[in-house]
$ cat run.txt   # compact mmCIF, C-alpha atoms and all ligand atoms
# COMPACT_ATOMS: atom_id res chain seq x y z
CA MET A 1 19.21 -15.47 -1.45
CA THR A 2 17.71 -12.28 -2.83
CA ARG A 3 14.01 -12.16 -2.16
CA VAL A 4 11.64 -10.61 -4.68
CA ALA A 5 9.41 -7.81 -3.41
CA VAL A 6 6.49 -6.30 -5.31
CA VAL A 7 5.38 -2.82 -4.29
CA THR A 8 2.04 -1.77 -5.78
CA GLY A 9 1.88 1.90 -6.71
CA GLY A 10 5.63 1.69 -6.20
CA THR A 11 6.82 4.27 -8.72
CA ARG A 12 5.93 7.50 -6.92
CA GLY A 13 4.93 8.96 -3.56
CA ILE A 14 5.06 6.67 -0.55
CA GLY A 15 5.41 3.65 -2.85
CA GLU A 16 8.59 5.03 -4.39
CA ALA A 17 10.15 5.49 -0.95
CA ILE A 18 9.14 1.91 -0.06
CA SER A 19 10.65 0.53 -3.28
CA LEU A 20 13.94 2.31 -2.53
CA ALA A 21 14.02 1.19 1.11
CA LEU A 22 13.51 -2.45 0.12
CA GLN A 23 16.15 -2.15 -2.61
CA ALA A 24 18.58 -0.73 -0.02
CA GLN A 25 17.85 -3.82 2.10
CA GLY A 26 19.04 -6.02 -0.75
CA ARG A 27 15.65 -7.12 -2.08
CA THR A 28 15.00 -7.50 -5.79
CA VAL A 29 12.21 -4.96 -6.13
CA VAL A 30 9.47 -4.74 -8.75
CA ALA A 31 7.28 -1.65 -8.71
CA ASN A 32 3.75 -1.72 -10.08
CA TYR A 33 1.86 1.33 -11.35
CA ALA A 34 -1.51 2.11 -12.94
CA GLY A 35 -0.87 4.32 -15.95
CA ASN A 36 1.49 7.23 -15.29
CA GLU A 37 4.08 6.06 -17.84
CA GLU A 38 6.21 9.17 -17.60
CA LYS A 39 6.74 8.84 -13.83
CA ALA A 40 7.27 5.08 -14.12
CA ARG A 41 9.88 5.40 -16.89
CA ALA A 42 11.77 8.13 -15.00
CA PHE A 43 11.63 6.03 -11.82
CA THR A 44 13.03 2.93 -13.55
CA GLU A 45 15.80 4.93 -15.24
CA ARG A 46 16.75 6.58 -11.94
CA THR A 47 16.65 3.49 -9.72
CA GLY A 48 17.12 0.47 -11.98
CA ILE A 49 13.94 -0.98 -10.44
CA ALA A 50 11.68 -2.70 -13.00
CA SER A 51 8.16 -1.33 -13.26
CA TYR A 52 5.11 -3.33 -14.38
CA ARG A 53 1.86 -1.68 -15.37
CA PHE A 54 -1.40 -3.26 -14.22
CA ASP A 55 -4.56 -2.32 -12.39
CA VAL A 56 -4.50 -4.02 -8.97
CA GLY A 57 -8.29 -3.72 -8.88
CA ASP A 58 -8.55 -6.03 -11.90
CA HIS A 59 -8.51 -9.59 -10.56
CA GLU A 60 -7.51 -11.41 -13.77
CA ALA A 61 -4.87 -8.85 -14.75
CA THR A 62 -3.30 -9.02 -11.28
CA LEU A 63 -3.09 -12.83 -11.35
CA GLU A 64 -1.64 -12.75 -14.86
CA MET A 65 0.94 -10.03 -14.14
CA CYS A 66 2.09 -11.59 -10.85
CA ALA A 67 2.62 -14.89 -12.72
CA LYS A 68 4.63 -12.95 -15.32
CA ILE A 69 6.75 -11.26 -12.61
CA ALA A 70 7.37 -14.63 -10.94
CA ALA A 71 8.47 -16.11 -14.29
CA GLU A 72 10.64 -13.15 -15.29
CA VAL A 73 12.08 -12.10 -11.92
CA GLY A 74 11.48 -14.91 -9.41
CA PRO A 75 8.96 -16.15 -6.85
CA ILE A 76 7.33 -13.26 -5.01
CA ASP A 77 8.09 -13.43 -1.27
CA ILE A 78 7.21 -9.87 -0.24
CA VAL A 79 4.16 -7.84 -1.22
CA VAL A 80 3.48 -4.27 -0.21
CA ASN A 81 -0.10 -3.28 -1.03
CA ASN A 82 0.41 0.45 -1.32
CA ALA A 83 -1.61 1.41 -4.44
CA GLY A 84 -4.52 3.61 -3.50
CA ILE A 85 -6.79 6.36 -4.77
CA THR A 86 -9.21 8.90 -3.34
CA ARG A 87 -12.61 9.92 -4.75
CA ASP A 88 -13.72 12.24 -1.96
CA GLY A 89 -17.14 13.74 -1.45
CA VAL A 90 -19.82 13.92 1.19
CA LEU A 91 -22.19 10.97 1.08
CA HIS A 92 -25.13 12.84 -0.38
CA LYS A 93 -22.97 13.86 -3.35
CA MET A 94 -20.91 10.68 -3.70
CA SER A 95 -21.76 8.52 -6.71
CA PHE A 96 -21.95 4.75 -6.61
CA ASP A 97 -18.99 4.73 -9.04
CA ASP A 98 -16.89 6.77 -6.56
CA TRP A 99 -17.76 4.24 -3.85
CA ASN A 100 -17.08 1.22 -6.04
CA GLU A 101 -13.85 2.42 -7.59
CA VAL A 102 -12.24 3.13 -4.21
CA MET A 103 -13.36 -0.24 -2.82
CA ARG A 104 -12.23 -2.03 -5.99
CA ILE A 105 -8.72 -0.57 -5.98
CA ASN A 106 -7.91 0.15 -2.32
CA LEU A 107 -9.41 -2.99 -0.78
CA GLY A 108 -9.94 -5.26 -3.79
CA GLY A 109 -6.30 -4.67 -4.76
CA CYS A 110 -5.14 -6.25 -1.48
CA PHE A 111 -7.32 -9.32 -2.09
CA ASN A 112 -6.16 -9.67 -5.69
CA MET A 113 -2.46 -9.38 -4.79
CA ALA A 114 -2.88 -11.85 -1.91
CA LYS A 115 -4.69 -14.34 -4.18
CA ALA A 116 -1.80 -14.10 -6.62
CA THR A 117 1.04 -14.48 -4.12
CA PHE A 118 -0.03 -15.82 -0.72
CA PRO A 119 -0.39 -19.48 -1.85
CA GLY A 120 3.23 -19.50 -3.06
CA MET A 121 4.53 -17.88 0.14
CA ARG A 122 2.59 -20.46 2.17
CA GLU A 123 4.05 -23.33 0.15
CA ARG A 124 7.62 -22.00 0.44
CA GLY A 125 7.21 -21.36 4.18
CA TRP A 126 8.20 -17.68 4.13
CA GLY A 127 6.40 -14.50 3.19
CA ARG A 128 5.74 -10.90 4.13
CA ILE A 129 2.66 -8.89 3.25
CA VAL A 130 2.30 -5.26 4.32
CA ASN A 131 -0.94 -3.44 3.57
CA ILE A 132 -0.97 0.35 3.61
CA GLY A 133 -4.08 1.47 5.46
CA SER A 134 -4.68 4.99 6.74
CA ILE A 135 -5.33 7.09 9.81
CA ASN A 136 -8.66 7.82 8.12
CA GLY A 137 -9.52 4.12 8.16
CA GLN A 138 -8.91 4.13 11.92
CA ALA A 139 -10.58 7.41 12.84
CA GLY A 140 -12.92 8.15 9.89
CA GLN A 141 -12.82 11.40 7.92
CA TYR A 142 -15.50 13.82 6.74
CA GLY A 143 -16.13 13.41 3.01
CA GLN A 144 -14.43 10.01 2.78
CA VAL A 145 -16.96 7.26 3.52
CA ASN A 146 -15.59 5.24 0.59
CA TYR A 147 -11.90 5.70 1.45
CA ALA A 148 -12.39 5.27 5.23
CA ALA A 149 -14.43 2.08 4.67
CA ALA A 150 -11.85 0.60 2.27
CA LYS A 151 -8.92 1.46 4.56
CA SER A 152 -10.74 0.19 7.63
CA GLY A 153 -11.43 -2.99 5.66
CA ILE A 154 -7.69 -3.33 5.07
CA HIS A 155 -7.11 -3.50 8.82
CA GLY A 156 -9.65 -6.37 9.17
CA PHE A 157 -8.28 -8.14 6.08
CA THR A 158 -4.78 -7.95 7.60
CA LYS A 159 -5.78 -9.55 10.90
CA ALA A 160 -7.73 -12.35 9.19
CA LEU A 161 -4.98 -13.23 6.69
CA ALA A 162 -2.34 -13.02 9.43
CA GLN A 163 -4.12 -15.88 11.19
CA GLU A 164 -4.02 -17.96 7.99
CA GLY A 165 -0.33 -17.27 7.36
CA ALA A 166 1.09 -17.55 10.88
CA LYS A 167 2.01 -21.21 10.94
CA TYR A 168 3.48 -21.07 7.44
CA GLY A 169 6.03 -18.32 8.15
CA VAL A 170 3.97 -15.66 6.40
CA THR A 171 3.42 -12.44 8.34
CA VAL A 172 0.70 -9.98 7.38
CA ASN A 173 0.71 -6.49 8.85
CA ALA A 174 -0.68 -3.05 8.13
CA ILE A 175 0.76 0.42 8.37
CA ALA A 176 -1.62 3.30 8.99
CA PRO A 177 0.09 6.47 7.81
CA GLY A 178 -1.01 9.87 8.98
CA TYR A 179 -0.75 12.80 6.57
CA ILE A 180 2.33 12.35 4.40
CA ASP A 181 3.78 14.92 2.02
CA THR A 182 2.88 13.38 -1.40
CA ASP A 183 0.81 14.22 -4.51
CA MET A 184 -2.27 12.79 -2.75
CA VAL A 185 -1.97 15.29 0.09
CA ALA A 186 -0.96 18.11 -2.30
CA ALA A 187 -4.47 17.71 -3.73
CA VAL A 188 -6.01 18.72 -0.36
CA PRO A 189 -7.00 22.43 -0.44
CA ALA A 190 -4.46 24.60 1.47
CA PRO A 191 -6.88 25.90 4.16
CA VAL A 192 -8.00 22.32 4.92
CA LEU A 193 -4.38 21.15 5.06
CA GLU A 194 -3.46 23.94 7.50
CA LYS A 195 -6.18 22.77 9.86
CA ILE A 196 -4.96 19.19 9.55
CA VAL A 197 -1.33 20.09 10.32
CA ALA A 198 -2.52 22.07 13.37
CA LYS A 199 -3.90 18.78 14.75
CA ILE A 200 -0.63 16.83 14.34
CA PRO A 201 1.20 16.90 17.70
CA VAL A 202 4.67 16.83 16.08
CA GLY A 203 3.59 19.89 14.05
CA ARG A 204 4.38 18.75 10.51
CA LEU A 205 3.42 16.38 7.72
CA GLY A 206 5.18 13.03 7.61
CA GLN A 207 7.76 12.11 4.97
CA ALA A 208 7.38 9.10 2.67
CA ASP A 209 10.68 7.70 4.02
CA GLU A 210 9.16 7.50 7.48
CA ILE A 211 6.56 5.04 6.18
CA ALA A 212 9.17 3.15 4.15
CA ARG A 213 11.29 2.49 7.23
CA GLY A 214 8.29 0.85 8.90
CA VAL A 215 7.77 -1.38 5.86
CA ALA A 216 11.47 -2.29 5.81
CA PHE A 217 11.26 -3.49 9.42
CA LEU A 218 8.03 -5.46 8.98
CA THR A 219 9.39 -7.24 5.89
CA SER A 220 12.77 -8.07 7.46
CA GLU A 221 13.81 -11.22 9.32
CA ASP A 222 13.69 -9.12 12.51
CA GLY A 223 9.95 -8.65 11.97
CA ALA A 224 9.21 -12.39 12.09
CA PHE A 225 7.28 -12.24 15.40
CA VAL A 226 5.13 -9.29 14.34
CA THR A 227 1.95 -10.33 12.57
CA GLY A 228 -1.64 -9.10 12.45
CA SER A 229 -0.54 -5.72 13.77
CA THR A 230 -1.14 -2.18 12.61
CA MET A 231 1.76 0.21 12.92
CA SER A 232 0.49 3.79 13.17
CA ILE A 233 2.97 6.31 11.75
CA ASN A 234 1.18 9.61 12.15
CA GLY A 235 3.11 12.10 14.30
CA GLY A 236 0.77 11.38 17.21
CA GLN A 237 -2.36 12.55 15.39
CA HIS A 238 -4.38 9.48 16.36
CA MET A 239 -3.35 7.33 19.32
CA TYR A 240 -4.86 4.03 20.35
P1 LIG B 301 0.02 8.78 -4.78
O1 LIG B 301 -1.29 9.25 -5.31
O2 LIG B 301 1.15 9.74 -4.68
O3 LIG B 301 0.51 7.48 -5.61
C1 LIG B 301 -0.39 6.44 -5.82
C2 LIG B 301 0.30 5.29 -6.49
O4 LIG B 301 -0.66 4.22 -6.64
C3 LIG B 301 0.79 5.62 -7.89
O5 LIG B 301 2.00 4.92 -8.14
C4 LIG B 301 -0.32 5.06 -8.79
O6 LIG B 301 0.12 4.69 -10.10
C5 LIG B 301 -0.72 3.84 -8.00
N1 LIG B 301 -2.06 3.37 -8.32
C6 LIG B 301 -3.23 4.04 -8.22
N2 LIG B 301 -4.25 3.26 -8.64
C7 LIG B 301 -3.71 2.07 -9.00
C8 LIG B 301 -4.22 0.87 -9.55
N3 LIG B 301 -5.52 0.72 -9.80
N4 LIG B 301 -3.37 -0.15 -9.82
C9 LIG B 301 -2.04 -0.01 -9.59
N5 LIG B 301 -1.49 1.12 -9.09
C10 LIG B 301 -2.30 2.14 -8.80
O7 LIG B 301 -0.32 8.15 -3.35
P2 LIG B 301 0.48 8.24 -1.97
O8 LIG B 301 1.90 7.89 -2.19
O9 LIG B 301 0.13 9.47 -1.28
O10 LIG B 301 -0.25 7.06 -1.16
C11 LIG B 301 0.20 5.72 -1.19
C12 LIG B 301 -0.70 4.89 -0.27
O11 LIG B 301 -0.67 5.43 1.04
C13 LIG B 301 -2.17 4.89 -0.70
O12 LIG B 301 -2.73 3.62 -0.44
C14 LIG B 301 -2.80 5.91 0.21
O13 LIG B 301 -4.17 5.68 0.39
C15 LIG B 301 -2.00 5.69 1.48
N6 LIG B 301 -2.00 6.81 2.38
C16 LIG B 301 -1.46 8.02 2.00
C17 LIG B 301 -1.45 9.07 2.87
C18 LIG B 301 -0.85 10.38 2.51
O14 LIG B 301 -0.91 11.28 3.36
N7 LIG B 301 -0.27 10.56 1.33
C19 LIG B 301 -2.03 8.96 4.22
C20 LIG B 301 -2.54 7.65 4.53
C21 LIG B 301 -2.51 6.63 3.62
P3 LIG B 301 0.33 5.81 -11.27
O15 LIG B 301 1.59 6.54 -10.91
O16 LIG B 301 0.44 5.02 -12.53
O17 LIG B 301 -0.88 6.69 -11.23
$ encode --input "run.txt" --output "structure tokens" --more "lines below"
Ligand code: NDP
Amino acid sequence: MTRVAVVTGGTRGIGEAISLALQAQGRTVVANYAGNEEKARAFTERTGIASYRFDVGDHEATLEMCAKIAAEVGPIDIVVNNAGITRDGVLHKMSFDDWNEVMRINLGGCFNMAKATFPGMRERGWGRIVNIGSINGQAGQYGQVNYAAAKSGIHGFTKALAQEGAKYGVTVNAIAPGYIDTDMVAAVPAPVLEKIVAKIPVGRLGQADEIARGVAFLTSEDGAFVTGSTMSINGGQHMY
């Protein structure tokens, strides 16, 4: 049986690598995106993976679009909550909108996707949810109170939902990437990035594929005994 996997923010960056890794595992993959039509169209043409546009921070839209995916593609057994944004700034300059928007999408998106799909996984007795957190949710980061709080919240959300899913065959885990070479990191000013790389023991940025391989394991049958965990994939930058 081919299981259906939905990867939020799955058309570029880390999400694209995750979509491809799950496709290579034989999953029927659906990639979600927010609004970058050009990237989404090119991704679908290149990979044959269907892409669905919706804002994971919008509760009603997420419920509606997940119902549509289930009707058009099949019941959703695997969810990777990868969509995320940054709105960085030191607290005294950060607006309430910057706070809210990051919480709404990065953390609210996980809740909305789980509301749309977890009940079905529970009923069918099998499911996999992987939430993409961040090293900055574990360790904090200057200028990112909104992002660090949302990502840290993801780690708590994961452990709580894992307890609800455990006896129904639904595992819920998080991956906390370190600095990965994507558009998000390309937006970090070069002198700041140099200082960051200097603190990574393996001496380089991570590659999106290195996160995708972690997701592929956690969503596989082999990952059945792993739940409520956070896998840190960060080149040794933060160890605990
Ligand atoms: P990118 O900025 O490269 O891609 C973000 C993806 O998320 C895009 O596909 C985008 O869609 C989608 N997206 C953004 N907002 C929404 C929304 N409201 N609804 C649906 N989709 C949305 O990010 P990365 O690949 O770098 O990061 C992926 C995840 O990994 C994020 O959660 C990020 O916080 C996390 N992470 C990244 C790290 C890094 O070093 N890059 C480090 C640690 C964590 P569209 O293309 O339409 O804009």
$ closest_residue --input "run.txt" --among "A:Gly143, A:Gly153, A:Pro119, A:Gly26" --to "Asp98 in chain A" --atoms "all atoms listed in the file"
A:Gly143
$ closest_atom_pairs --input "run.txt" --of "chain A" --to "ligand LIG 301 (chain B)" --cutoff "7 Å" --atoms "all atoms listed in the file" --output "Markdown table"
| residue | atom | partner | partner_atom | distance |
| --- | --- | --- | --- | --- |
| A:Thr8 | CA | B:LIG301 | N5 | 5.6 |
| A:Gly9 | CA | B:LIG301 | O5 | 3.3 |
| A:Gly10 | CA | B:LIG301 | O5 | 5.2 |
| A:Thr11 | CA | B:LIG301 | O5 | 4.9 |
| A:Arg12 | CA | B:LIG301 | O5 | 4.9 |
| A:Gly13 | CA | B:LIG301 | O8 | 3.5 |
| A:Ile14 | CA | B:LIG301 | O8 | 3.8 |
| A:Gly15 | CA | B:LIG301 | O8 | 5.5 |
| A:Asn32 | CA | B:LIG301 | N5 | 6.0 |
| A:Tyr33 | CA | B:LIG301 | O6 | 4.0 |
| A:Ala34 | CA | B:LIG301 | O16 | 3.5 |
| A:Gly35 | CA | B:LIG301 | O16 | 3.7 |
| A:Asn36 | CA | B:LIG301 | O16 | 3.7 |
| A:Glu37 | CA | B:LIG301 | O16 | 6.5 |
| A:Lys39 | CA | B:LIG301 | O15 | 6.4 |
| A:Ala40 | CA | B:LIG301 | O15 | 6.7 |
| A:Phe54 | CA | B:LIG301 | C9 | 5.7 |
| A:Asp55 | CA | B:LIG301 | N4 | 3.6 |
| A:Val56 | CA | B:LIG301 | N4 | 4.1 |
| A:Gly57 | CA | B:LIG301 | N3 | 5.3 |
| A:Asn82 | CA | B:LIG301 | O12 | 4.5 |
| A:Ala83 | CA | B:LIG301 | O4 | 3.7 |
| A:Gly84 | CA | B:LIG301 | O12 | 3.5 |
| A:Ile85 | CA | B:LIG301 | C6 | 5.5 |
| A:Ile105 | CA | B:LIG301 | N3 | 5.1 |
| A:Asn106 | CA | B:LIG301 | O12 | 6.5 |
| A:Ile132 | CA | B:LIG301 | O12 | 5.5 |
| A:Gly133 | CA | B:LIG301 | C21 | 5.7 |
| A:Ser134 | CA | B:LIG301 | C20 | 4.1 |
| A:Ile135 | CA | B:LIG301 | C20 | 6.0 |
| A:Ala176 | CA | B:LIG301 | C20 | 6.3 |
| A:Pro177 | CA | B:LIG301 | C20 | 4.4 |
| A:Gly178 | CA | B:LIG301 | C19 | 5.0 |
| A:Tyr179 | CA | B:LIG301 | O14 | 3.6 |
| A:Ile180 | CA | B:LIG301 | O14 | 3.6 |
| A:Asp181 | CA | B:LIG301 | N7 | 6.0 |
| A:Thr182 | CA | B:LIG301 | O9 | 4.8 |
| A:Asp183 | CA | B:LIG301 | O2 | 4.5 |
| A:Met184 | CA | B:LIG301 | O9 | 4.4 |
| A:Val185 | CA | B:LIG301 | N7 | 5.2 |
$ write_last_selection --input "run.txt" --atoms "C-alpha atoms" --output "tab-separated table (two decimals), keeping the file's coordinate frame"
chain	number	residue	atom	x	y	z
A	8	THR	CA	2.04	-1.77	-5.78
A	9	GLY	CA	1.88	1.90	-6.71
A	10	GLY	CA	5.63	1.69	-6.20
A	11	THR	CA	6.82	4.27	-8.72
A	12	ARG	CA	5.93	7.50	-6.92
A	13	GLY	CA	4.93	8.96	-3.56
A	14	ILE	CA	5.06	6.67	-0.55
A	15	GLY	CA	5.41	3.65	-2.85
A	32	ASN	CA	3.75	-1.72	-10.08
A	33	TYR	CA	1.86	1.33	-11.35
A	34	ALA	CA	-1.51	2.11	-12.94
A	35	GLY	CA	-0.87	4.32	-15.95
A	36	ASN	CA	1.49	7.23	-15.29
A	37	GLU	CA	4.08	6.06	-17.84
A	39	LYS	CA	6.74	8.84	-13.83
A	40	ALA	CA	7.27	5.08	-14.12
A	54	PHE	CA	-1.40	-3.26	-14.22
A	55	ASP	CA	-4.56	-2.32	-12.39
A	56	VAL	CA	-4.50	-4.02	-8.97
A	57	GLY	CA	-8.29	-3.72	-8.88
A	82	ASN	CA	0.41	0.45	-1.32
A	83	ALA	CA	-1.61	1.41	-4.44
A	84	GLY	CA	-4.52	3.61	-3.50
A	85	ILE	CA	-6.79	6.36	-4.77
A	105	ILE	CA	-8.72	-0.57	-5.98
A	106	ASN	CA	-7.91	0.15	-2.32
A	132	ILE	CA	-0.97	0.35	3.61
A	133	GLY	CA	-4.08	1.47	5.46
A	134	SER	CA	-4.68	4.99	6.74
A	135	ILE	CA	-5.33	7.09	9.81
A	176	ALA	CA	-1.62	3.30	8.99
A	177	PRO	CA	0.09	6.47	7.81
A	178	GLY	CA	-1.01	9.87	8.98
A	179	TYR	CA	-0.75	12.80	6.57
A	180	ILE	CA	2.33	12.35	4.40
A	181	ASP	CA	3.78	14.92	2.02
A	182	THR	CA	2.88	13.38	-1.40
A	183	ASP	CA	0.81	14.22	-4.51
A	184	MET	CA	-2.27	12.79	-2.75
A	185	VAL	CA	-1.97	15.29	0.09
$ atom_distance --input "run.txt" --atom1 "CA of Asn136 in chain A" --atom2 "CA of Glu210 in chain A"
17.8 Å
$ closest_residue --input "run.txt" --among "A:Asn112, A:Glu101, A:Ala162, A:Val29" --to "Leu63 in chain A" --atoms "only C-alpha atoms"
A:Asn112
$ atom_distance --input "run.txt" --atom1 "CA of Gly214 in chain A" --atom2 "CA of Gly235 in chain A"
13.5 Å
$ atom_distance --input "run.txt" --atom1 "CA of Pro191 in chain A" --atom2 "CA of Gly89 in chain A"
16.9 Å
$ residues_near_point --input "run.txt" --point "(-4.2, -10.8, 16.4)" --cutoff "8 Å" --atoms "only C-alpha atoms" --output "ChimeraX atom specification"
/A:159,162-163,227-229
$ write_last_selection --input "run.txt" --atoms "C-alpha atoms" --output "PDB file, keeping the file's coordinate frame"
ATOM      1  CA  LYS A 159      -5.780  -9.550  10.900  1.00  0.00           C
ATOM      2  CA  ALA A 162      -2.340 -13.020   9.430  1.00  0.00           C
ATOM      3  CA  GLN A 163      -4.120 -15.880  11.190  1.00  0.00           C
ATOM      4  CA  THR A 227       1.950 -10.330  12.570  1.00  0.00           C
ATOM      5  CA  GLY A 228      -1.640  -9.100  12.450  1.00  0.00           C
ATOM      6  CA  SER A 229      -0.540  -5.720  13.770  1.00  0.00           C
TER       7      SER A 229
END
$ build_atoms --input "run.txt" --residues "range 199-216 of chain A" --atoms "N, CA, C and O atoms" --output "short mmCIF file (atom, residue, chain, number, x, y, z; two decimals), in the frame of the given file"
data_model
loop_
_atom_site.label_atom_id
_atom_site.label_comp_id
_atom_site.auth_asym_id
_atom_site.auth_seq_id
_atom_site.Cartn_x
_atom_site.Cartn_y
_atom_site.Cartn_z
N LYS A 199 -3.48 19.87 13.85
CA LYS A 199 -3.90 18.78 14.75
C LYS A 199 -2.83 17.69 14.91
O LYS A 199 -3.05 16.69 15.59
N ILE A 200 -1.69 17.85 14.24
CA ILE A 200 -0.63 16.83 14.34
C ILE A 200 0.32 17.25 15.46
O ILE A 200 1.00 18.28 15.33
N PRO A 201 0.38 16.48 16.56
CA PRO A 201 1.20 16.90 17.70
C PRO A 201 2.66 17.23 17.33
O PRO A 201 3.22 18.16 17.89
N VAL A 202 3.28 16.49 16.39
CA VAL A 202 4.67 16.83 16.08
C VAL A 202 4.76 18.08 15.19
O VAL A 202 5.84 18.58 14.94
N GLY A 203 3.63 18.60 14.72
CA GLY A 203 3.59 19.89 14.05
C GLY A 203 4.03 19.91 12.59
O GLY A 203 4.40 20.96 12.07
N ARG A 204 3.98 18.78 11.93
CA ARG A 204 4.38 18.75 10.51
C ARG A 204 3.76 17.54 9.83
O ARG A 204 3.28 16.62 10.50
N LEU A 205 3.80 17.57 8.48
CA LEU A 205 3.42 16.38 7.72
C LEU A 205 4.53 15.33 7.85
O LEU A 205 5.68 15.67 8.12
N GLY A 206 4.16 14.08 7.63
CA GLY A 206 5.18 13.03 7.61
C GLY A 206 5.88 12.98 6.26
O GLY A 206 5.40 13.56 5.27
N GLN A 207 7.02 12.32 6.22
CA GLN A 207 7.76 12.11 4.97
C GLN A 207 7.59 10.66 4.52
O GLN A 207 7.49 9.76 5.36
N ALA A 208 7.58 10.45 3.21
CA ALA A 208 7.38 9.10 2.67
C ALA A 208 8.40 8.10 3.25
O ALA A 208 8.06 6.95 3.54
N ASP A 209 9.63 8.57 3.45
CA ASP A 209 10.68 7.70 4.02
C ASP A 209 10.31 7.14 5.39
O ASP A 209 10.76 6.07 5.77
N GLU A 210 9.52 7.94 6.12
CA GLU A 210 9.16 7.50 7.48
C GLU A 210 8.19 6.32 7.44
O GLU A 210 8.16 5.51 8.37
N ILE A 211 7.42 6.22 6.37
CA ILE A 211 6.56 5.04 6.18
C ILE A 211 7.42 3.88 5.68
O ILE A 211 7.28 2.74 6.12
N ALA A 212 8.33 4.19 4.76
CA ALA A 212 9.17 3.15 4.15
C ALA A 212 10.00 2.41 5.20
O ALA A 212 10.19 1.19 5.11
N ARG A 213 10.47 3.15 6.19
CA ARG A 213 11.29 2.49 7.23
C ARG A 213 10.45 1.49 8.03
O ARG A 213 10.95 0.45 8.45
N GLY A 214 9.18 1.80 8.23
CA GLY A 214 8.29 0.85 8.90
C GLY A 214 8.11 -0.41 8.07
O GLY A 214 8.16 -1.54 8.58
N VAL A 215 7.94 -0.23 6.77
CA VAL A 215 7.77 -1.38 5.86
C VAL A 215 9.04 -2.23 5.88
O VAL A 215 8.99 -3.47 5.93
N ALA A 216 10.20 -1.56 5.84
CA ALA A 216 11.47 -2.29 5.81
C ALA A 216 11.60 -3.17 7.05
O ALA A 216 12.05 -4.31 6.96
#
